[in-house]
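Engineer: Next comes start_22.cif, mmCIF, C-alpha atoms and all ligand atoms:
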```cif
data_input
#
loop_
_atom_site.label_atom_id
_atom_site.label_comp_id
_atom_site.auth_asym_id
_atom_site.auth_seq_id
_atom_site.Cartn_x
_atom_site.Cartn_y
_atom_site.Cartn_z
CA MET A 279 -33.09 -12.23 -29.10
CA SER A 280 -31.24 -14.57 -26.75
CA LEU A 281 -30.88 -13.49 -23.14
CA PRO A 282 -27.42 -13.10 -21.60
CA GLU A 283 -26.54 -16.29 -19.71
CA SER A 284 -26.76 -15.12 -16.14
CA ALA A 285 -27.17 -12.12 -13.89
CA LEU A 286 -24.95 -13.70 -11.25
CA PRO A 287 -21.87 -11.53 -11.96
CA ILE A 288 -24.08 -8.52 -11.23
CA VAL A 289 -25.46 -10.08 -8.04
CA ARG A 290 -21.95 -11.02 -6.88
CA THR A 291 -20.68 -7.50 -7.51
CA ALA A 292 -23.64 -5.98 -5.70
CA THR A 293 -23.04 -8.13 -2.64
CA GLY A 294 -19.23 -7.95 -2.70
CA PHE A 295 -19.38 -5.93 0.51
CA PHE A 296 -20.77 -9.00 2.37
CA GLN A 297 -17.39 -10.63 1.86
CA ALA A 298 -15.45 -7.48 2.71
CA GLN A 299 -17.29 -7.09 6.02
CA ALA A 300 -16.90 -10.78 6.90
CA LEU A 301 -13.14 -10.37 6.41
CA PHE A 302 -12.92 -7.05 8.31
CA VAL A 303 -14.73 -8.49 11.33
CA GLY A 304 -12.42 -11.50 11.37
CA ILE A 305 -9.45 -9.10 11.58
CA GLU A 306 -11.19 -6.95 14.21
CA LEU A 307 -11.86 -10.02 16.36
CA GLY A 308 -8.36 -11.43 15.97
CA LEU A 309 -9.94 -14.61 14.64
CA PHE A 310 -7.26 -15.37 12.03
CA ALA A 311 -4.43 -14.91 14.51
CA ARG A 312 -6.29 -17.19 16.96
CA VAL A 313 -6.74 -20.08 14.55
CA SER A 314 -3.20 -19.59 13.22
CA ARG A 315 -1.94 -20.39 16.72
CA GLU A 316 -4.19 -23.43 17.17
CA PRO A 317 -7.29 -24.90 15.47
CA ALA A 318 -10.54 -24.66 17.42
CA ASP A 319 -14.16 -25.75 17.12
CA ALA A 320 -17.13 -23.40 16.71
CA ALA A 321 -18.19 -23.61 20.37
CA THR A 322 -14.72 -22.56 21.56
CA LEU A 323 -14.52 -19.67 19.10
CA GLN A 324 -18.07 -18.61 19.91
CA GLN A 325 -17.19 -18.37 23.62
CA GLU A 326 -13.79 -16.78 23.17
CA PHE A 327 -15.08 -14.02 20.88
CA GLY A 328 -18.51 -13.58 22.49
CA LEU A 329 -20.36 -14.43 19.28
CA HIS A 330 -24.05 -15.34 19.19
CA PRO A 331 -24.48 -19.15 19.17
CA SER A 332 -27.06 -19.04 16.40
CA LEU A 333 -24.72 -17.10 14.04
CA VAL A 334 -21.30 -18.53 14.63
CA HIS A 335 -21.63 -21.55 12.30
CA ASP A 336 -22.78 -19.58 9.28
CA TYR A 337 -20.08 -16.99 9.89
CA LEU A 338 -17.24 -19.49 10.20
CA ASP A 339 -18.47 -21.63 7.30
CA ALA A 340 -18.79 -18.57 5.08
CA LEU A 341 -15.11 -17.84 5.82
CA VAL A 342 -14.34 -21.46 4.87
CA ALA A 343 -16.23 -21.02 1.59
CA MET A 344 -14.23 -17.81 0.99
CA ASP A 345 -10.96 -19.79 1.51
CA LEU A 346 -10.12 -17.63 4.51
CA LEU A 347 -10.41 -20.56 6.93
CA ALA A 348 -10.16 -24.32 6.51
CA ARG A 349 -12.29 -26.87 8.38
CA ASP A 350 -11.14 -30.38 9.34
CA GLY A 351 -14.06 -32.22 10.95
CA SER A 352 -15.28 -29.77 13.59
CA GLN A 353 -11.97 -27.90 13.81
CA TYR A 354 -11.43 -24.53 12.11
CA ARG A 355 -7.87 -23.61 11.20
CA ALA A 356 -6.00 -20.96 9.22
CA THR A 357 -5.10 -21.55 5.58
CA PRO A 358 -1.51 -20.87 4.43
CA MET A 359 -2.76 -17.56 2.97
CA THR A 360 -4.49 -16.39 6.15
CA SER A 361 -1.72 -17.46 8.49
CA THR A 362 0.81 -15.59 6.33
CA TYR A 363 -1.09 -12.35 5.72
CA LEU A 364 -3.73 -12.05 8.44
CA ASP A 365 -1.77 -12.95 11.55
CA PRO A 366 -0.26 -9.80 13.14
CA THR A 367 2.71 -11.74 14.48
CA LYS A 368 3.86 -12.49 10.89
CA PRO A 369 6.16 -10.19 8.88
CA GLU A 370 3.80 -10.18 5.87
CA TYR A 371 0.75 -9.02 7.89
CA ILE A 372 -1.60 -6.79 5.85
CA GLY A 373 -4.24 -6.17 8.55
CA GLY A 374 -3.40 -2.44 8.82
CA PHE A 375 -4.36 -2.02 5.17
CA LEU A 376 -7.60 -3.95 5.72
CA ALA A 377 -8.48 -1.89 8.82
CA PHE A 378 -7.95 1.32 6.79
CA ASN A 379 -10.31 -0.04 4.14
CA GLN A 380 -12.89 -0.86 6.78
CA ARG A 381 -12.73 2.37 8.79
CA ARG A 382 -11.93 5.04 6.23
CA LEU A 383 -12.52 3.82 2.68
CA TYR A 384 -15.69 1.77 3.18
CA PRO A 385 -17.68 4.72 4.58
CA ALA A 386 -16.15 7.03 1.96
CA TRP A 387 -17.25 4.75 -0.88
CA GLY A 388 -20.80 4.96 0.49
CA THR A 389 -20.75 8.55 -0.82
CA LEU A 390 -19.48 7.68 -4.33
CA GLY A 391 -22.58 9.00 -6.10
CA THR A 392 -22.34 12.38 -4.37
CA PHE A 393 -18.58 12.50 -5.01
CA LEU A 394 -19.00 11.74 -8.73
CA ARG A 395 -21.25 14.77 -9.02
CA SER A 396 -19.46 17.22 -6.70
CA GLY A 397 -15.82 16.13 -7.15
CA GLU A 398 -15.21 17.33 -3.58
CA ASN A 399 -12.50 15.10 -2.10
CA LEU A 400 -12.01 14.22 1.57
CA ALA A 401 -8.78 16.19 1.99
CA GLN A 402 -10.54 19.37 0.82
CA LYS A 403 -13.45 18.60 3.08
CA PHE A 404 -11.53 17.90 6.30
CA SER A 405 -8.32 19.92 6.16
CA ALA A 406 -7.74 23.62 5.79
CA GLU A 407 -4.45 22.89 3.95
CA GLY A 408 -6.30 20.69 1.44
CA ASP A 409 -3.80 17.83 1.55
CA PHE A 410 -4.38 14.47 3.16
CA THR A 411 -1.27 14.28 5.36
CA SER A 412 -1.87 17.45 7.35
CA GLU A 413 -5.29 16.14 8.31
CA LEU A 414 -3.99 12.66 9.21
CA TYR A 415 -0.73 13.54 10.93
CA ALA A 416 -2.31 16.12 13.27
CA ASP A 417 -3.52 13.16 15.34
CA PRO A 418 -0.78 10.65 16.32
CA ARG A 419 -3.29 7.81 16.60
CA ARG A 420 -4.49 8.36 13.03
CA ALA A 421 -0.92 8.86 11.80
CA ARG A 422 -0.06 5.44 13.21
CA ALA A 423 -3.15 3.82 11.66
CA PHE A 424 -2.22 5.37 8.28
CA THR A 425 1.36 4.10 8.41
CA GLU A 426 0.07 0.64 9.35
CA ALA A 427 -2.22 0.82 6.30
CA MET A 428 0.68 1.83 4.03
CA ASP A 429 2.83 -0.98 5.48
CA GLY A 430 0.06 -3.49 4.82
CA TYR A 431 -0.04 -2.48 1.16
CA ALA A 432 3.70 -1.99 0.57
CA VAL A 433 4.77 -5.16 2.38
CA LEU A 434 3.48 -7.16 -0.60
CA LEU A 435 5.93 -5.30 -2.85
CA ALA A 436 9.04 -5.63 -0.68
CA ARG A 437 10.12 -8.99 -2.05
CA PRO A 438 9.47 -8.32 -5.77
CA LEU A 439 11.15 -4.92 -5.48
CA ALA A 440 14.16 -6.46 -3.73
CA GLU A 441 14.38 -9.07 -6.52
CA LYS A 442 13.44 -7.22 -9.71
CA PHE A 443 15.99 -4.41 -9.71
CA ARG A 444 19.80 -4.69 -10.11
CA TRP A 445 20.58 -3.73 -6.49
CA ASP A 446 23.98 -5.45 -6.75
CA GLU A 447 25.15 -2.61 -9.03
CA VAL A 448 24.44 0.20 -6.54
CA LYS A 449 25.45 1.04 -2.98
CA SER A 450 22.74 3.39 -1.73
CA PHE A 451 19.09 4.31 -2.17
CA ALA A 452 16.46 6.60 -0.70
CA ASP A 453 12.75 5.84 -0.46
CA LEU A 454 11.13 9.25 -0.99
CA GLY A 455 7.76 9.33 0.75
CA GLY A 456 8.92 6.06 2.29
CA CYS A 457 6.49 6.36 5.20
CA ARG A 458 7.91 4.75 8.35
CA GLY A 459 10.61 2.81 6.53
CA LEU A 460 9.25 -0.68 6.08
CA LEU A 461 10.47 -0.96 2.50
CA THR A 462 13.82 0.68 3.27
CA ALA A 463 14.39 -1.91 5.99
CA ARG A 464 13.28 -4.86 3.84
CA ILE A 465 15.40 -3.89 0.81
CA ALA A 466 18.44 -3.22 3.02
CA ALA A 467 17.90 -6.55 4.82
CA ALA A 468 17.74 -8.40 1.48
CA HIS A 469 20.93 -6.71 0.20
CA PRO A 470 23.49 -6.40 3.00
CA HIS A 471 25.81 -4.16 0.97
CA LEU A 472 23.16 -1.38 0.67
CA ARG A 473 22.61 1.76 2.73
CA GLY A 474 19.06 3.12 2.68
CA VAL A 475 17.38 6.38 3.67
CA THR A 476 13.69 6.84 4.32
CA PHE A 477 12.75 10.40 3.37
CA ASP A 478 9.35 11.54 4.64
CA LEU A 479 7.63 14.25 6.65
CA PRO A 480 8.80 15.03 10.23
CA PRO A 481 5.80 13.52 12.10
CA LEU A 482 6.71 9.99 10.93
CA GLU A 483 10.26 9.98 12.31
CA PRO A 484 9.32 8.48 15.74
CA LEU A 485 7.41 5.71 13.94
CA PHE A 486 10.49 4.96 11.81
CA ASP A 487 12.61 4.72 15.00
CA GLU A 488 10.04 2.37 16.50
CA LEU A 489 9.98 0.14 13.42
CA ILE A 490 13.76 -0.03 13.19
CA ASP A 491 14.00 -0.75 16.96
CA SER A 492 11.64 -3.67 16.39
CA VAL A 493 14.26 -5.37 14.20
CA GLY A 494 15.92 -6.02 17.58
CA GLY A 495 19.46 -7.30 17.62
CA ASP A 496 20.19 -6.66 13.93
CA THR A 497 22.65 -3.83 14.61
CA ASP A 498 24.10 -4.12 11.11
CA LEU A 499 20.72 -3.25 9.57
CA ARG A 500 20.14 -0.42 12.05
CA ASP A 501 23.49 1.07 11.08
CA ARG A 502 22.65 0.93 7.38
CA VAL A 503 19.24 2.65 7.43
CA SER A 504 18.32 6.17 8.51
CA TYR A 505 15.51 8.71 8.39
CA GLN A 506 15.70 12.12 6.76
CA ALA A 507 12.78 14.39 7.61
CA GLY A 508 11.71 16.89 4.99
CA SER A 509 9.39 17.70 2.12
CA PHE A 510 10.19 16.32 -1.30
CA PHE A 511 8.76 19.51 -2.82
CA THR A 512 10.99 21.98 -1.02
CA ASP A 513 13.95 20.31 0.72
CA ALA A 514 17.19 18.86 -0.61
CA LEU A 515 16.76 15.15 -1.38
CA PRO A 516 19.20 12.57 0.02
CA ASP A 517 22.54 12.14 -1.69
CA THR A 518 22.20 8.57 -3.09
CA GLN A 519 22.36 6.60 -6.34
CA VAL A 520 18.72 5.45 -6.43
CA TYR A 521 15.47 7.19 -5.52
CA ILE A 522 12.13 5.44 -5.11
CA PHE A 523 8.73 7.09 -5.50
CA GLY A 524 6.41 4.26 -4.40
CA HIS A 525 2.68 4.99 -4.24
CA VAL A 526 3.70 8.64 -4.24
CA LEU A 527 2.93 9.98 -7.73
CA HIS A 528 -0.63 8.68 -7.35
CA ASP A 529 -1.11 11.13 -4.45
CA TRP A 530 -0.66 14.22 -6.61
CA VAL A 531 -2.10 15.97 -9.66
CA ASP A 532 -0.10 15.96 -12.91
CA GLU A 533 1.71 19.27 -12.37
CA ARG A 534 3.00 18.21 -8.95
CA ARG A 535 4.01 14.78 -10.31
CA ARG A 536 6.07 16.51 -13.00
CA GLU A 537 7.64 18.69 -10.31
CA LEU A 538 8.59 15.64 -8.21
CA VAL A 539 10.08 13.78 -11.18
CA ARG A 540 11.99 16.93 -12.22
CA ARG A 541 13.39 17.41 -8.70
CA ALA A 542 14.47 13.76 -8.59
CA PHE A 543 16.23 14.13 -11.96
CA GLU A 544 18.04 17.30 -10.86
CA GLN A 545 19.24 15.83 -7.55
CA LEU A 546 20.29 12.35 -8.70
CA PRO A 547 23.93 11.98 -9.78
CA PRO A 548 24.62 11.22 -13.49
CA GLY A 549 23.95 7.49 -14.00
CA GLY A 550 21.51 7.52 -11.06
CA THR A 551 18.13 5.77 -11.19
CA LEU A 552 14.59 6.69 -10.20
CA LEU A 553 12.21 3.81 -9.48
CA VAL A 554 8.50 4.60 -9.68
CA TYR A 555 5.81 2.13 -8.72
CA ASP A 556 2.04 2.54 -8.60
CA SER A 557 -1.13 0.71 -9.56
CA MET A 558 -0.73 2.04 -13.09
CA ILE A 559 -3.58 1.67 -15.57
CA ASP A 560 -3.15 -0.26 -18.83
CA ASP A 561 -2.88 2.10 -21.80
CA GLU A 562 -6.16 0.82 -23.28
CA ARG A 563 -7.93 1.67 -19.97
CA ARG A 564 -10.16 -1.38 -20.13
CA ASP A 565 -8.71 -4.34 -18.21
CA ALA A 566 -7.44 -3.22 -14.85
CA VAL A 567 -10.57 -3.18 -12.68
CA PHE A 568 -8.70 -2.75 -9.39
CA ASN A 569 -6.42 -0.03 -10.77
CA LEU A 570 -9.26 1.95 -12.33
CA LEU A 571 -11.28 1.80 -9.13
CA MET A 572 -8.16 2.67 -7.11
CA SER A 573 -7.87 5.72 -9.34
CA LEU A 574 -11.34 6.84 -8.25
CA ASN A 575 -10.38 6.02 -4.69
CA MET A 576 -7.35 8.31 -4.88
CA ALA A 577 -9.57 11.02 -6.35
CA MET A 578 -11.96 10.64 -3.43
CA ILE A 579 -9.23 10.75 -0.77
CA SER A 580 -6.84 13.34 -2.11
CA GLY A 581 -8.11 14.70 -5.41
CA SER A 582 -5.45 12.77 -7.37
CA SER A 583 -5.63 9.58 -9.45
CA GLU A 584 -3.72 6.62 -10.80
CA TYR A 585 -2.27 7.07 -14.32
CA THR A 586 -1.47 5.00 -17.38
CA VAL A 587 1.93 3.41 -17.95
CA SER A 588 2.47 5.73 -20.96
CA GLN A 589 1.66 8.83 -18.93
CA GLY A 590 4.21 7.77 -16.28
CA ILE A 591 6.87 7.15 -18.92
CA GLY A 592 6.00 10.52 -20.50
CA TRP A 593 6.69 12.51 -17.29
CA LEU A 594 9.97 10.66 -16.74
CA GLU A 595 11.21 11.20 -20.30
CA GLU A 596 10.15 14.84 -20.23
CA ALA A 597 12.45 15.32 -17.19
CA GLY A 598 15.39 13.76 -19.11
CA PHE A 599 15.31 10.14 -17.94
CA THR A 600 15.70 7.08 -20.18
CA VAL A 601 13.02 4.59 -19.19
CA GLU A 602 13.42 0.79 -19.32
CA GLU A 603 10.67 -1.71 -20.21
CA PRO A 604 7.94 -1.60 -17.50
CA VAL A 605 8.17 -4.37 -14.88
CA ALA A 606 5.16 -5.99 -13.19
CA LEU A 607 5.90 -6.06 -9.44
CA ASN A 608 2.65 -7.96 -8.96
CA GLU A 609 -0.71 -8.22 -10.77
CA ILE A 610 -1.72 -4.70 -9.77
CA THR A 611 1.57 -2.83 -9.55
CA THR A 612 3.90 -1.59 -12.30
CA LEU A 613 7.51 -0.53 -11.75
CA LEU A 614 9.19 2.00 -14.04
CA VAL A 615 12.99 2.09 -13.97
CA ALA A 616 14.22 5.50 -15.13
CA ASN A 617 17.93 6.20 -15.64
CA LYS A 618 19.61 9.59 -15.67
CA PRO A 619 22.19 9.64 -18.49
CA LEU A 620 25.88 9.61 -17.49
C1 LIG B 1 0.66 6.81 -0.16
S1 LIG B 1 2.00 6.93 0.95
C2 LIG B 1 3.16 5.79 0.24
C3 LIG B 1 4.08 5.20 1.26
C4 LIG B 1 5.08 4.17 0.74
N1 LIG B 1 6.01 4.74 -0.22
C5 LIG B 1 4.37 2.98 0.14
O1 LIG B 1 4.67 2.57 -0.98
O2 LIG B 1 3.50 2.43 0.82
C6 LIG B 1 2.67 8.52 0.54
C7 LIG B 1 3.80 8.97 1.46
O3 LIG B 1 4.26 10.25 1.04
C8 LIG B 1 4.54 11.02 2.18
N2 LIG B 1 4.51 12.45 1.86
C9 LIG B 1 3.43 13.22 1.58
N3 LIG B 1 3.81 14.48 1.33
C10 LIG B 1 5.17 14.50 1.44
C11 LIG B 1 6.15 15.52 1.28
N4 LIG B 1 5.80 16.77 0.95
N5 LIG B 1 7.45 15.20 1.46
C12 LIG B 1 7.82 13.93 1.78
N6 LIG B 1 6.92 12.92 1.95
C13 LIG B 1 5.61 13.20 1.78
C14 LIG B 1 3.46 10.61 3.16
O4 LIG B 1 3.82 10.95 4.48
C15 LIG B 1 3.37 9.11 2.91
O5 LIG B 1 4.25 8.41 3.73
#
```
Represent the structure from my file as structure tokens, please.
Ligand SMILES: C[S@@+](CC[C@H](N)C(=O)[O-])C[C@H]1O[C@@H](n2cnc3c(N)ncnc32)[C@H](O)[C@@H]1O
Structural biologist:
Amino acid sequence: MSLPESALPIVRTATGFFQAQALFVGIELGLFARVSREPADAATLQQEFGLHPSLVHDYLDALVAMDLLARDGSQYRATPMTSTYLDPTKPEYIGGFLAFNQRRLYPAWGTLGTFLRSGENLAQKFSAEGDFTSELYADPRRARAFTEAMDGYAVLLARPLAEKFRWDEVKSFADLGGCRGLLTARIAAAHPHLRGVTFDLPPLEPLFDELIDSVGGDTDLRDRVSYQAGSFFTDALPDTQVYIFGHVLHDWVDERRRELVRRAFEQLPPGGTLLVYDSMIDDERRDAVFNLLMSLNMAMISGSSEYTVSQGIGWLEEAGFTVEEPVALNEITTLLVANKPL
């Protein structure tokens, strides 16, 4: 019997957390922002960040080998990828999502074995209400960290979502569970004829105001976007032509997903559209490593899961929608466009 070629894929998987921690610490230090501003040598970075002189070279060179830094002679600098996504002064910054992975998900995944046996998720464990938002939003500091994490994940979808739907044919939209409004603002900025509403729970309204204030002098944009506080399970939904459920259905169990889709159908006007995006799983359930693991992640955090493309289409059709061909927003995210008949 011939032996399989190599055990290296196993070794790489087992030590994947080395790379994750090297990245997290770079974010924590502000290293990527620093070298985005100006290249620097190891001695300078060692002094500025208080690193141990015997460790700094291996650390920086490992980041070079991971394509997170580049090195010209003795100078370390940011790569186009790191200066775009890991510098907090840039609009595409994803550091909030990485910090959430480091602080909340990394420790949680250390308990995967126990979770797989008990099925007890974190929301059940830490909140009397048993849902993840009541636990998070009780503490304004954690609410802010959560919204920064959501921004860091959703920001990657803003451009494809602004490009891959026929926004020119509609005048208004509402992002249901739109967090603090990042996507509402980006879609409205990309399409100056649109008015957008972020619909989310009351505790996030001040963070929406803060985000919209940060767009500064763009009074046109500020006039076109607004916040509506409420619960998408119990309150009237905004009166618009398009609803978005983005990374929302993956927070809930099937019955509640059906309820959300049904409510959206009932409250959209005839000819209205519901857009649903999530890290949906391929129908064969064999290729999408990230999406399948994200499904377990959702189970661990909130007792929910990701779902297959066919399941998503099924809930939408059951509510009465006609669903278009699925659209890939990026490698890990599928968009379903569901139309309410005229
Ligand atoms: C996983 S986040 C997704 C945020 C954003 N749509 C995105 O794509 O990043 C889920 C959002 O749903 C909101 N949410 C949870 N329960 C809600 C409810 N009952 N009514 C309205 N929004 C709710 C949360 O506050 C949070 O902003």
Engineer: Could you tell me, counting all atoms listed in the file, which protein and nucleic acid residues lie no more than 8 Å from ligand LIG 1 (chain B), written as a ChimeraX atom specification?
Structural biologist: /A:411,425,428-433,453-458,461,477-479,482,507-512,522-526,528-529,555
Engineer: Expressed in Å to a single decimal, how great is the separation between atom CA of A:Lys442 and atom CA of A:Thr462?
Structural biologist: 15.2 Å
Engineer: Of the residues A:Leu301, A:Leu435, A:Leu281, A:Leu570, which is the one nearest to A:Ile465, using only C-alpha atoms?
Structural biologist: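 Ranking A:Leu301, A:Leu435, A:Leu281, A:Leu570 by distance to A:Ile465, first place goes to A:Leu435.
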Engineer: Counting only C-alpha atoms, figure out which residue out of A:Gly304, A:Gly397, A:Pro604, A:Pro516 gets nearest to A:Leu376.
Structural biologist: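 So, comparing all the options, the nearest one is A:Gly304.
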Engineer: Find the residues with any atom within 6 Å of (19.8, 6.9, -4.9); use only C-alpha atoms and the coordinates as given in the file, and write the answer as a ChimeraX atom specification.
Structural biologist: /A:450-452,518-521
Engineer: Fewer than 4 positions away in the same chain doesn't count, so skip those; otherwise give me all residues within 9 Å of A:Ala577, counting all atoms listed in the file, as a PyMOL selection string.
Structural biologist: chain A and resi 397-400+529+572-573+581-584
Engineer: At what distance in Å, to one decimal, does atom CA of A:Glu483 lie from atom CA of A:Arg534?
Structural biologist: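 It comes out at 23.9 Å.
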Engineer: Do you have the atom CA of A:Leu364-atom CA of A:His469 distance handy?
Structural biologist: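 Spanning atom CA of A:Leu364 to atom CA of A:His469 is a straight-line distance of 26.5 Å.
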Engineer: Would you please work out which residue, of A:Leu538, A:Ala597, A:Leu346, A:Leu329, is nearest to A:Leu307 when using only C-alpha atoms?
Structural biologist: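 Under the stated criterion, the closest residue is A:Leu329.
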Engineer: For A:Pro418, which residue among A:Met578, A:Leu460, A:Leu571, A:Leu485 is the nearest when counting all atoms listed in the file?
Structural biologist: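 Under the stated criterion, the closest residue is A:Leu485.
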Engineer: Would you list the residues near (-2.9, -18.0, 2.7), meaning any protein, DNA or RNA residue with an atom at most 12 Å from that point in file coordinates, counting only C-alpha atoms, as a list in words?
Structural biologist: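 Every polymer residue passing the test: Phe310, Ser314, Met344, Asp345, Leu346, Leu347, Ala348, Arg355, Ala356, Thr357, Pro358, Met359, Thr360, Ser361, Thr362, Tyr363, Leu364, Asp365, Lys368, Glu370, Tyr371 and Ile372 of chain A.
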Engineer: Contacts of stretch 331-336 of chain A at 10 Å or less, counting only C-alpha atoms, minus same-chain residues fewer than 5 places along, as a ChimeraX atom specification?
Structural biologist: /A:319-321,323-325,341-342
Engineer: Could I get the residues of stretch 407-484 of chain A with an atom no further than 8 Å from an atom of stretch 377-390 of chain A, each paired with its nearest atom pair and that distance in Å to one decimal, using all atoms listed in the file, sorted by chain and residue number, as JSON lines?
Structural biologist:
```
{"residue": "A:Ala423", "atom": "CA", "partner": "A:Phe378", "partner_atom": "CA", "distance": 7.3}
{"residue": "A:Phe424", "atom": "CA", "partner": "A:Phe378", "partner_atom": "CA", "distance": 7.2}
{"residue": "A:Ala427", "atom": "CA", "partner": "A:Phe378", "partner_atom": "CA", "distance": 5.8}
```
